[in-house]
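Below is one structure, written out as C-alpha cells, with a few remarks after it.
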Number of protein chains: 2
Amino acid sequence: MHTLAAGILTPSEITAFLLALAVLLGVARLLGELAKKFGQPTVLGEILAGVLLGATVLGNFAPAAYEQLFPEYLNDHQSGEPVFYDKTDPETDEAYTQTVTDPSTGEQITVTIPDRNHDDAGKLTSDGRVPSLVKVGLESFFVLAVCLLLLVAGLEVDLSIVTKQGKAAVAVSVMGMVVPFAIGFGVAYLLAKGAPALIGYNVESDKALPFALFLGIAMSITALPVIAKILMDLNMFKSDMGMLIMSSAMVNDLLGWIGFALVIAMILPEGESALSLQFVIPATLIFVGFMLTAGRWLADKAIPLVQAHSSWPGGILGFVFVTALLCAALTEWIGIHAIFGAFLAGIALGDSKHLTGRTRETIEQIVTYIFAPIFFAGVALRVDFWADFDIVIVLIVLVIAIIGKVIGCYVGAKFAGMSKRESWAIGFGMSARGAMEIILGQIALSFGLIEKDLFVAIVIMAIATSVIAGPLMQKALDRRQQKKFADLLSGKAFVPRLKAGTRRAAIRELAEAAADATGFDAADIDQAVWEREQTQSTGVGNGVAVPHGRIEGLSKPQMVVGVSPPGIDFDAADGVAAEIVCMLLTPADDPLMQIEMLRAVAEAFTDPARRRAAVEAEGYTQFRAAIAVGSTAAH
Amino acid sequence: MHTLAAGILTPSEITAFLLALAVLLGVARLLGELAKKFGQPTVLGEILAGVLLGATVLGNFAPAAYEQLFPEYLNDHQSGEPVFYDKTDPETDEAYTQTVTDPSTGEQITVTIPDRNHDDAGKLTSDGRVPSLVKVGLESFFVLAVCLLLLVAGLEVDLSIVTKQGKAAVAVSVMGMVVPFAIGFGVAYLLAKGAPALIGYNVESDKALPFALFLGIAMSITALPVIAKILMDLNMFKSDMGMLIMSSAMVNDLLGWIGFALVIAMILPEGESALSLQFVIPATLIFVGFMLTAGRWLADKAIPLVQAHSSWPGGILGFVFVTALLCAALTEWIGIHAIFGAFLAGIALGDSKHLTGRTRETIEQIVTYIFAPIFFAGVALRVDFWADFDIVIVLIVLVIAIIGKVIGCYVGAKFAGMSKRESWAIGFGMSARGAMEIILGQIALSFGLIEKDLFVAIVIMAIATSVIAGPLMQKALDRRQQKKFADLLSGKAFVPRLKAGTRRAAIRELAEAAADATGFDAADIDQAVWEREQTQSTGVGNGVAVPHGRIEGLSKPQMVVGVSPPGIDFDAADGVAAEIVCMLLTPADDPLMQIEMLRAVAEAFTDPARRRAAVEAEGYTQFRAAIAVGSTAAH
C-alpha cells in the first residue's frame, strides 16, 4: 500500500511553520535593529517581538490570529475538532488507567489518559490533547537554536586571556560571583520557606534548595557578549581594564554554567533521583574536566587535520556543528541540559588558534542574526508578560541582581589594586546580564523550577541591567561612546555629486550644504574651514579629504559629505585627487571631538573596496549602504 | 496549575533530535568529502549517508538502532507502548466513524480512526499511530532546509547573462528541454496506460497525465551547481561556451520549475481540484510574473535601504531569510510547493548587484555545508534503495534522461552555430542532473505521484548523470581537469624545514626528497633542475621559488615542497628571499604540464595571509591546512 513519504506535515502545517519562522525572524530583527538605533541591546527588541506576537499582546487582543500563527494543539484538519491521544488500550480496547501521585497533595490519583501527558515525575502536564505539529517543529528549532547560541558563546571564551590576567581576574570574578550568589541564595531560600508567594517560588515543586541555588546562580552569572559590546563602544576592549573585565566575565560564565548544570541534576525525576545524582554529578564533572583539558587539546589537533584534508570551509563548518551537536546530545542524555555540551564544545573548539576568523564569523553571523532572533522571540511567545508581571518580584530580583553584582565586583577590583573609579566601572560593567540570563530562566521555567512571574522578572532584570550597564560605566569613567561615521552621516548633509572642480569651490559648495543643515551662515562656515585649509592641506590620501573647522556657537558636531567621481585636487601627499570630501564642523569648546571625527572618517574608508563602492553609489541610500556593508558588526 | 513551558519535548526526545542531526550531518559531510576526493559530486556521498543510516542498511541490519536513532512513531515514554490518536469523540465518547472513498476501488468505506490519518484526498495514510515528535522535528527541519537550498539555487541564477547570450542560449535550452520532455512524457504516458508496473507508475493515483508531465519535466531539468562545478574544474566557467551552458541551464531550470509547480497544482485534492486549478494556475503565473519583474525591481531598491539603515550583516541576512520564508509560505499556501517561493525569492534577491559577495557567501556556505547534507541524507533515510531498486525502471529512466538531453542540446547548439565537438560537449554538460532532480523526485514521492521504485531510479539517474557529465565533456573537448596545488601536495614529498641556506643547496636537498618519493636517482634530478635553474632564476617573487625540470621516464608529475623561514636567495626580481620552494618535476613528453603546475603554485600563494600561515605551519598537516583555508570553495 502506498504511504506518504513526507506526509507527516500537511501543506497547511508547512505553511504555518514557515510563516511562523518568517514572522518571528522578521519582527525580531526589525525590533532588534530599532533597539540598537536607540543604543539598547538587540535582545531587548527580540524579546519585545515575542511579547508583541505572543500571549501578551497578540494572544490577548487577537487570539484567533495568535492561534492561527502559533497553534498550540492539533486539530482534525477536516472537522477542526481537537485531536486527543487515545485513552483506550488498542489491544484490549479498555481505558488506560494509571495511578500517579499528585505532588501537591501527596494523594494517589487514577487517571485515564496515557502517560504521554505526564512529565518524568508522573505529574500531569496536559489534558491529553495532541500538541500541534507546527509547535513541535518550532520547539525543535528552538532547541537547536539555543544550542547554537551557546556554541557561539563558548567560541567567544578565550581561556588564554584569563590566565594572563591572573590574580585580578580571579579576585573580580570570585567576589563578583560570591556576593550576588550569597545574597540571591539567602533571600530566595528564606522567602521560599517563609513567604513563597512573594518571590514566585513554585510551591508544588517542593524543591526550595535547588530553587535557591538557581536564584543564587542567576544573580551571579554575567553576559559576555553585552559586556564585550559595551567595551567596544567605549574603545576599551583591548585596554587592561577591558581585558580584566572580559576575563572575569569568562571565569564567571564558566563557573555559573557548571553550577547551573548541577542544579538541574538536583531536580531530576524523583523516582530516579537517588541513583541519578550519583551518576549525573560525577558525569558532569568528568565531562567538564575532559572538555577543558583533553577536549581542548584534541580540538587543536583535529582542526588542522580537518582543514588539511577536506574542502574549505565545508569540512571545518561541518566539524564544528557536529561536535557541538554531539556534545549537546551527550549532556542532555547525562541529565543536565543540551546547552552545556554546546557551550563546552564552543570553548574547546574556540580555543584553537587554527580555527580561522572567517569560520568563526560565518557561524557567529548566522547564529546571531538568524537563530538568536527566532529563539528569543520564541522564548517570550508563550509567556504573558502582562498577566505574569509582579512588581514585588521584579523589584526584589532587580535590586539583588544589581547591588550584589556591583558590590561584589567593586570589592574584588579594589582588592586587586584598582582605583575607586575603575572599581565602580568594573562593577557596573559586570552587572550586565543579557541573553544568557534569559536562557537560564527559560530552562528553569521549562523544568518547573520557577513560576512564570519569576521568569518575567528575570527577563526584565536581564534586559534592564544590560541597558544601564553601559551608561553607568561611561559615567564612572567619564568616557563617552565613540562617534561612528554612520552616526555622523545624514541625508540632509550629503552632496551626491559635487559640481566643484577645485578645493576652493568644493569647500564653498559644502559650506552651503552645511548652512542648510545647521542654520548657520554659509559664509562664516566657508571662512572658518578655508582658513584652516590654508594652514595645511586636508587631503589625507587614498582619495579622501577632510576639510574642517571649529564653529563658535555650534551645539553638536556636523559632517557634510560630498562625492566627486572625477576627483578634486586637495594636495594630498600621495597625489591622489579626493573623490570623497567630508567637511567636519565641531563646536569651538570641544577640541577632542575633531580628532574623534577624523578617526571615524579614516576608519570608514580604510577598505579600498568600500571606498570604491561609496564613490560609485547613486544617491544617499546607496552611499550609506556602501559604508555599512562589510564593516565588522558587533552584537 | 503549573504547566511545562517547553515540556512538549522530553529530555530523551531532545537527545534523539540532536543526535539524529549530528549523525546525519557528520556522516553526510564525511562521505561527501570522500566522494569529492574521488572527483565525484558531493551529493553522491550525502545520499549514501542516508542509504547507510536509513532503511536500506541500518534499518535492515540493525533495526533497533535505526528505530532508536530515527523513531517513526511515538511510544508511551514509561510503558514503551505505541501511542494512538483517540478513536472516540471526547464529547460523546462514541467511536469516530467517517465514510471515505477508497480511490483504488471506488468503494465507500467506513473508518473509525480520526481524519488526521488521511491525506487531503481522504486516502488512508496511517493506522492511527501518533508520529514520533523527533520525526516531526526532523521533518520540519528538512522543510526549512530544502527551502534554503532552493533559495541558494535561486541566488546563483543570473538573468543578465541569459539576455547577453541571447539566441544561442534560447536554442540550447529550448531544444534541451523539448526533446527530453517529449520523450519522457510520451514514454511515461504510454507505459502508464499500457504497462504501469514497468515504470513504477502509482496506479492508485489514477493520474496518468500529471505523472507523465512530471516525468517529462524530470527528464528535462538540469543541475546548475553541478554544471558550474564541472566548468570551473575545466577552467571554462568564464569562456563563451561556459557562459552559454550556464545561461541555457538557468532558462532550463526556471521553465522546469514553473512547469513542475503547475503539475503539482494538477494533483491537488480531488474534491477541490476543479475550483483549485482555477485558482492555483493563475496565482502561480501571477506570482512568477511578479517576482521576475516587480519583485526583482523591489529587491534591488530594498537591499541598499536595508543595508543603509541596519547593522551589517544582520540586517541583510535577516531580510534575505525573511523574504525567502515568506515567499515559501505563500507558494505553499497557494497550493504549489514552498520551494518555488524560496527559489523565486532567490532569483529576485540574487539579481541585485547590491547584494554583496560576502553576504551570498555566508548564506551559501551554511546552506551548502550544514542544511544540504542533512537534507539529502534525510531524503534517502526512509527509502529502501535495495528493496525498491528495479533495474528495468532504472535503465528506462537513465536512457531517456541521457539520450534525450544530449540529443536535444546537441541539436540546439548546432542550430546556434557551434562546432560538432562543442555541441557534443554542451550536450554532455547539460545532461548533469544533480541535487535538484532529487528534490523534484522527493516532492513527487511525497505527493504520491510516483512510487518508491521510480524515486530510487530518479535518484540514481541524478547521481549517475552528474558523475559522467564531467569526464564526457572533457573527452569531447579533449581538455583535462586542471591540477590544483593541494592535489600535487604529498606528505612524503615535503620538507618542513629546509637545512639549506643557498639556492644550490636547496635544490640538492629537495632533489634528495624527490628521489625518495619517485625512486629516481637524486643526482639526475638535481642535475636536470640545476641546469634549468642556471638558464634563468626561478624565484618568482613574494617569497616563492619554483625550481623545475623535465625528467626522462617519469610517468606522472611530482612536486616537492620545502619551507625555509629564514628564506633562501633565489635571485627574485623583487629581491625577497624564498621562504617556500616548490620543486616541480614533469615527464619529458608532457610540455604543457609544467605550465599548469606553475599556475597552480602561483594560485596557491597569491594571498599573503595564506602564504604567511603556510610558512609558519608546524609540519605537513598544518601546511596543508594553511593552503586549504580561505581558498574559494566550489561545491
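Letters for chains follow the order of the C-alpha cells (A, B, ...), residue numbers begin at 1 for each chain, and ligand numbers begin at 1 in the order shown.
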
Residues at most 9 Å from Ala577 in chain A, counting only C-alpha atoms, excluding those fewer than 6 positions away in the same chain, as a PDB file with C-alpha atoms, in the first residue's frame?
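The result, stored in out.pdb:
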```pdb
ATOM      1  CA  GLY A 539      43.859  65.768   1.636  1.00  0.00           C
ATOM      2  CA  GLY A 541      45.372  60.467   0.744  1.00  0.00           C
ATOM      3  CA  ASN A 542      43.599  57.489  -0.802  1.00  0.00           C
ATOM      4  CA  GLY A 543      41.108  59.840  -2.420  1.00  0.00           C
ATOM      5  CA  VAL A 544      39.692  61.248   0.814  1.00  0.00           C
ATOM      6  CA  ALA A 545      39.819  64.855   2.057  1.00  0.00           C
ATOM      7  CA  PRO A 566      36.418  62.891 -11.296  1.00  0.00           C
ATOM      8  CA  GLY A 567      38.253  63.868  -8.107  1.00  0.00           C
ATOM      9  CA  ILE A 568      39.325  67.245  -6.703  1.00  0.00           C
ATOM     10  CA  ASP A 569      42.957  68.083  -6.030  1.00  0.00           C
ATOM     11  CA  PHE A 570      43.337  68.509  -2.259  1.00  0.00           C
ATOM     12  CA  ASP A 571      47.111  68.499  -2.402  1.00  0.00           C
TER      13      ASP A 571
END
```

Selection near range 521-530 of chain A, 9 Å with only C-alpha atoms, sequence-local residues under 6 positions removed, as number ranges by chain: A: 504, 507-515, 547-551, 583-585

I need the residues from that last selection saved to file as an mmCIF file, in the first residue's frame (with N, CA, C and O atoms), if you can.
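What follows is the written file out-v8.cif:
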```
data_model
loop_
_atom_site.group_PDB
_atom_site.id
_atom_site.type_symbol
_atom_site.label_atom_id
_atom_site.label_comp_id
_atom_site.auth_asym_id
_atom_site.auth_seq_id
_atom_site.Cartn_x
_atom_site.Cartn_y
_atom_site.Cartn_z
ATOM 1 N N ARG A 504 38.944 75.044 -3.470
ATOM 2 C CA ARG A 504 38.275 76.261 -3.001
ATOM 3 C C ARG A 504 36.762 76.164 -3.217
ATOM 4 O O ARG A 504 35.957 76.438 -2.319
ATOM 5 N N ILE A 507 34.927 73.473 -1.012
ATOM 6 C CA ILE A 507 34.663 73.916 0.360
ATOM 7 C C ILE A 507 33.479 74.872 0.385
ATOM 8 O O ILE A 507 32.602 74.779 1.251
ATOM 9 N N ARG A 508 33.428 75.759 -0.615
ATOM 10 C CA ARG A 508 32.299 76.686 -0.669
ATOM 11 C C ARG A 508 30.984 75.907 -0.843
ATOM 12 O O ARG A 508 29.992 76.185 -0.179
ATOM 13 N N GLU A 509 31.020 74.937 -1.743
ATOM 14 C CA GLU A 509 29.801 74.158 -2.026
ATOM 15 C C GLU A 509 29.335 73.379 -0.783
ATOM 16 O O GLU A 509 28.143 73.352 -0.461
ATOM 17 N N LEU A 510 30.294 72.791 -0.079
ATOM 18 C CA LEU A 510 29.926 72.033 1.125
ATOM 19 C C LEU A 510 29.483 72.963 2.245
ATOM 20 O O LEU A 510 28.624 72.607 3.063
ATOM 21 N N ALA A 511 30.052 74.157 2.289
ATOM 22 C CA ALA A 511 29.648 75.132 3.307
ATOM 23 C C ALA A 511 28.182 75.510 3.117
ATOM 24 O O ALA A 511 27.436 75.672 4.095
ATOM 25 N N GLU A 512 27.776 75.622 1.853
ATOM 26 C CA GLU A 512 26.356 75.921 1.566
ATOM 27 C C GLU A 512 25.466 74.810 2.131
ATOM 28 O O GLU A 512 24.457 75.060 2.782
ATOM 29 N N ALA A 513 25.871 73.571 1.848
ATOM 30 C CA ALA A 513 25.080 72.431 2.336
ATOM 31 C C ALA A 513 25.071 72.426 3.866
ATOM 32 O O ALA A 513 24.048 72.148 4.500
ATOM 33 N N ALA A 514 26.226 72.758 4.467
ATOM 34 C CA ALA A 514 26.324 72.780 5.928
ATOM 35 C C ALA A 514 25.418 73.862 6.505
ATOM 36 O O ALA A 514 24.806 73.670 7.559
ATOM 37 N N ALA A 515 25.320 74.980 5.787
ATOM 38 C CA ALA A 515 24.461 76.073 6.249
ATOM 39 C C ALA A 515 23.014 75.607 6.280
ATOM 40 O O ALA A 515 22.281 75.868 7.240
ATOM 41 N N PRO A 547 38.358 68.565 4.998
ATOM 42 C CA PRO A 547 38.395 69.963 5.434
ATOM 43 C C PRO A 547 37.573 70.116 6.715
ATOM 44 O O PRO A 547 36.533 69.466 6.851
ATOM 45 N N HIS A 548 38.061 70.929 7.654
ATOM 46 C CA HIS A 548 37.326 71.025 8.913
ATOM 47 C C HIS A 548 37.513 72.394 9.556
ATOM 48 O O HIS A 548 38.442 73.139 9.212
ATOM 49 N N GLY A 549 36.640 72.707 10.490
ATOM 50 C CA GLY A 549 36.739 73.988 11.184
ATOM 51 C C GLY A 549 35.918 73.952 12.446
ATOM 52 O O GLY A 549 35.009 73.135 12.585
ATOM 53 N N ARG A 550 36.290 74.855 13.395
ATOM 54 C CA ARG A 550 35.504 74.974 14.626
ATOM 55 C C ARG A 550 34.568 76.146 14.469
ATOM 56 O O ARG A 550 34.972 77.209 14.027
ATOM 57 N N ILE A 551 33.324 75.922 14.835
ATOM 58 C CA ILE A 551 32.308 76.959 14.646
ATOM 59 C C ILE A 551 31.804 77.414 16.009
ATOM 60 O O ILE A 551 31.274 76.609 16.786
ATOM 61 N N MET A 583 33.412 67.327 5.079
ATOM 62 C CA MET A 583 33.657 68.555 5.830
ATOM 63 C C MET A 583 33.172 68.345 7.267
ATOM 64 O O MET A 583 32.030 67.928 7.494
ATOM 65 N N LEU A 584 34.071 68.621 8.239
ATOM 66 C CA LEU A 584 33.759 68.360 9.643
ATOM 67 C C LEU A 584 33.689 69.676 10.401
ATOM 68 O O LEU A 584 34.665 70.426 10.440
ATOM 69 N N LEU A 585 32.534 69.956 10.999
ATOM 70 C CA LEU A 585 32.368 71.171 11.791
ATOM 71 C C LEU A 585 32.148 70.771 13.245
ATOM 72 O O LEU A 585 31.298 69.918 13.526
#
```

Using only C-alpha atoms, which of the listed residues (B:Ser490, B:Asn60, B:Thr362, B:Gln474) sits closest to chain A?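 Of B:Ser490, B:Asn60, B:Thr362, B:Gln474, the one nearest chain A, counting only C-alpha atoms, is B:Thr362.
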
Give me the residues near Glu139 in chain B as a ChimeraX atom specification, where near means some atom within 10 Å (using only C-alpha atoms) and where sequence neighbours in that chain fewer than 4 positions away do not count. /A:6-9,14,137 /B:133-135,143-145,375,378-379

Spatial neighbours of Leu58 in chain A, 12 Å, only C-alpha atoms, chain gap at least 3 places, as a list in words: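 Near neighbours after the sequence-gap exclusion: Leu48, Ala49, Gly50, Val51, Leu52, Leu53, Gly54, Ala55, Phe61, Ala62, Pro63, Ala64, Ala65, Tyr66, Glu67, Gln68, Leu69, Phe70, Leu381, Arg382, Val383, Asp384, Phe385 and Trp386 of chain A.
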
Selected residue, from A:Val467, A:Gln558, A:Ile264, A:Ala573, that lies nearest to Gln536 in chain A when counting only C-alpha atoms: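 Distance minimum relative to Gln536 in chain A lands on A:Ala573.
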
Please, what distance in Å, to one decimal, runs between CA of Pro304 in chain B and CA of Ile316 in chain B? 9.1 Å

With distances taken over only C-alpha atoms, which of B:Ala493, B:Met559, B:Leu25, B:Leu398 is nearest to chain A?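 For chain A, the nearest of the candidates is B:Leu25.
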
Counting only C-alpha atoms, the option among B:Thr368, B:Thr538, B:Asn252, B:Asn75 closest to Cys409 in chain B: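 Of B:Thr368, B:Thr538, B:Asn252, B:Asn75, the one nearest Cys409 in chain B, counting only C-alpha atoms, is B:Asn252.
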
Give the answer as one residue: which of B:Val146, B:Ile303, B:Leu592, B:Ala505 has the shortest atom-to-atom distance to chain A, using only C-alpha atoms?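 The shortest atom-to-atom distance to chain A comes from B:Ile303.
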
What are the DSSP alpha helix (DSSP H) residues of range 122-331 of chain B, as a PyMOL selection string? chain B and resi 133-156+159-194+196-199+208-220+224-233+240-266+270-290+296-308+314-331

Identify, on the basis of only C-alpha atoms, every residue whose closest approach to range 333-350 of chain A does not exceed 6 Å; exclude the query and any residue fewer than 4 positions from it along the same chain; express the result as a ChimeraX atom specification. /A:147,150-151,154-155,157,261,264-265,295-296,299,324,327-329 /B:15

Have a look at A:Glu596, A:Glu33, A:Asp390, A:Asp351 and name the one nearest to chain B; count only C-alpha atoms.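 Of the candidates, the smallest distance to chain B is held by A:Glu33.
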
Among range 114-335 of chain A, which ones does DSSP place in strand (DSSP E or B), written as a ChimeraX atom specification? /A:118,124,129,131,201

Tell me, in Å to one decimal, how far CA of Gly259 in chain A is from CA of Thr163 in chain A.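 Distance reported for this atom pair: 21.1 Å.
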
Between CA of Thr331 in chain B and CA of Ala377 in chain B, what distance in Å does the model show, to one decimal? 25.1 Å

If we count only C-alpha atoms, what is near Ile460 in chain A at a cut-off of 10 Å, once residues fewer than 3 positions away on the same chain are taken out, given as a list in words?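 So, after excluding close chain neighbours, the residues are Leu44, Ile47, Phe385, Phe389, Val394, Leu395, Val397, Leu398, Gly434, Ile438, Leu454, Phe455, Val456, Ala457, Ile463, Ala464, Thr465 and Ser466 of chain A.
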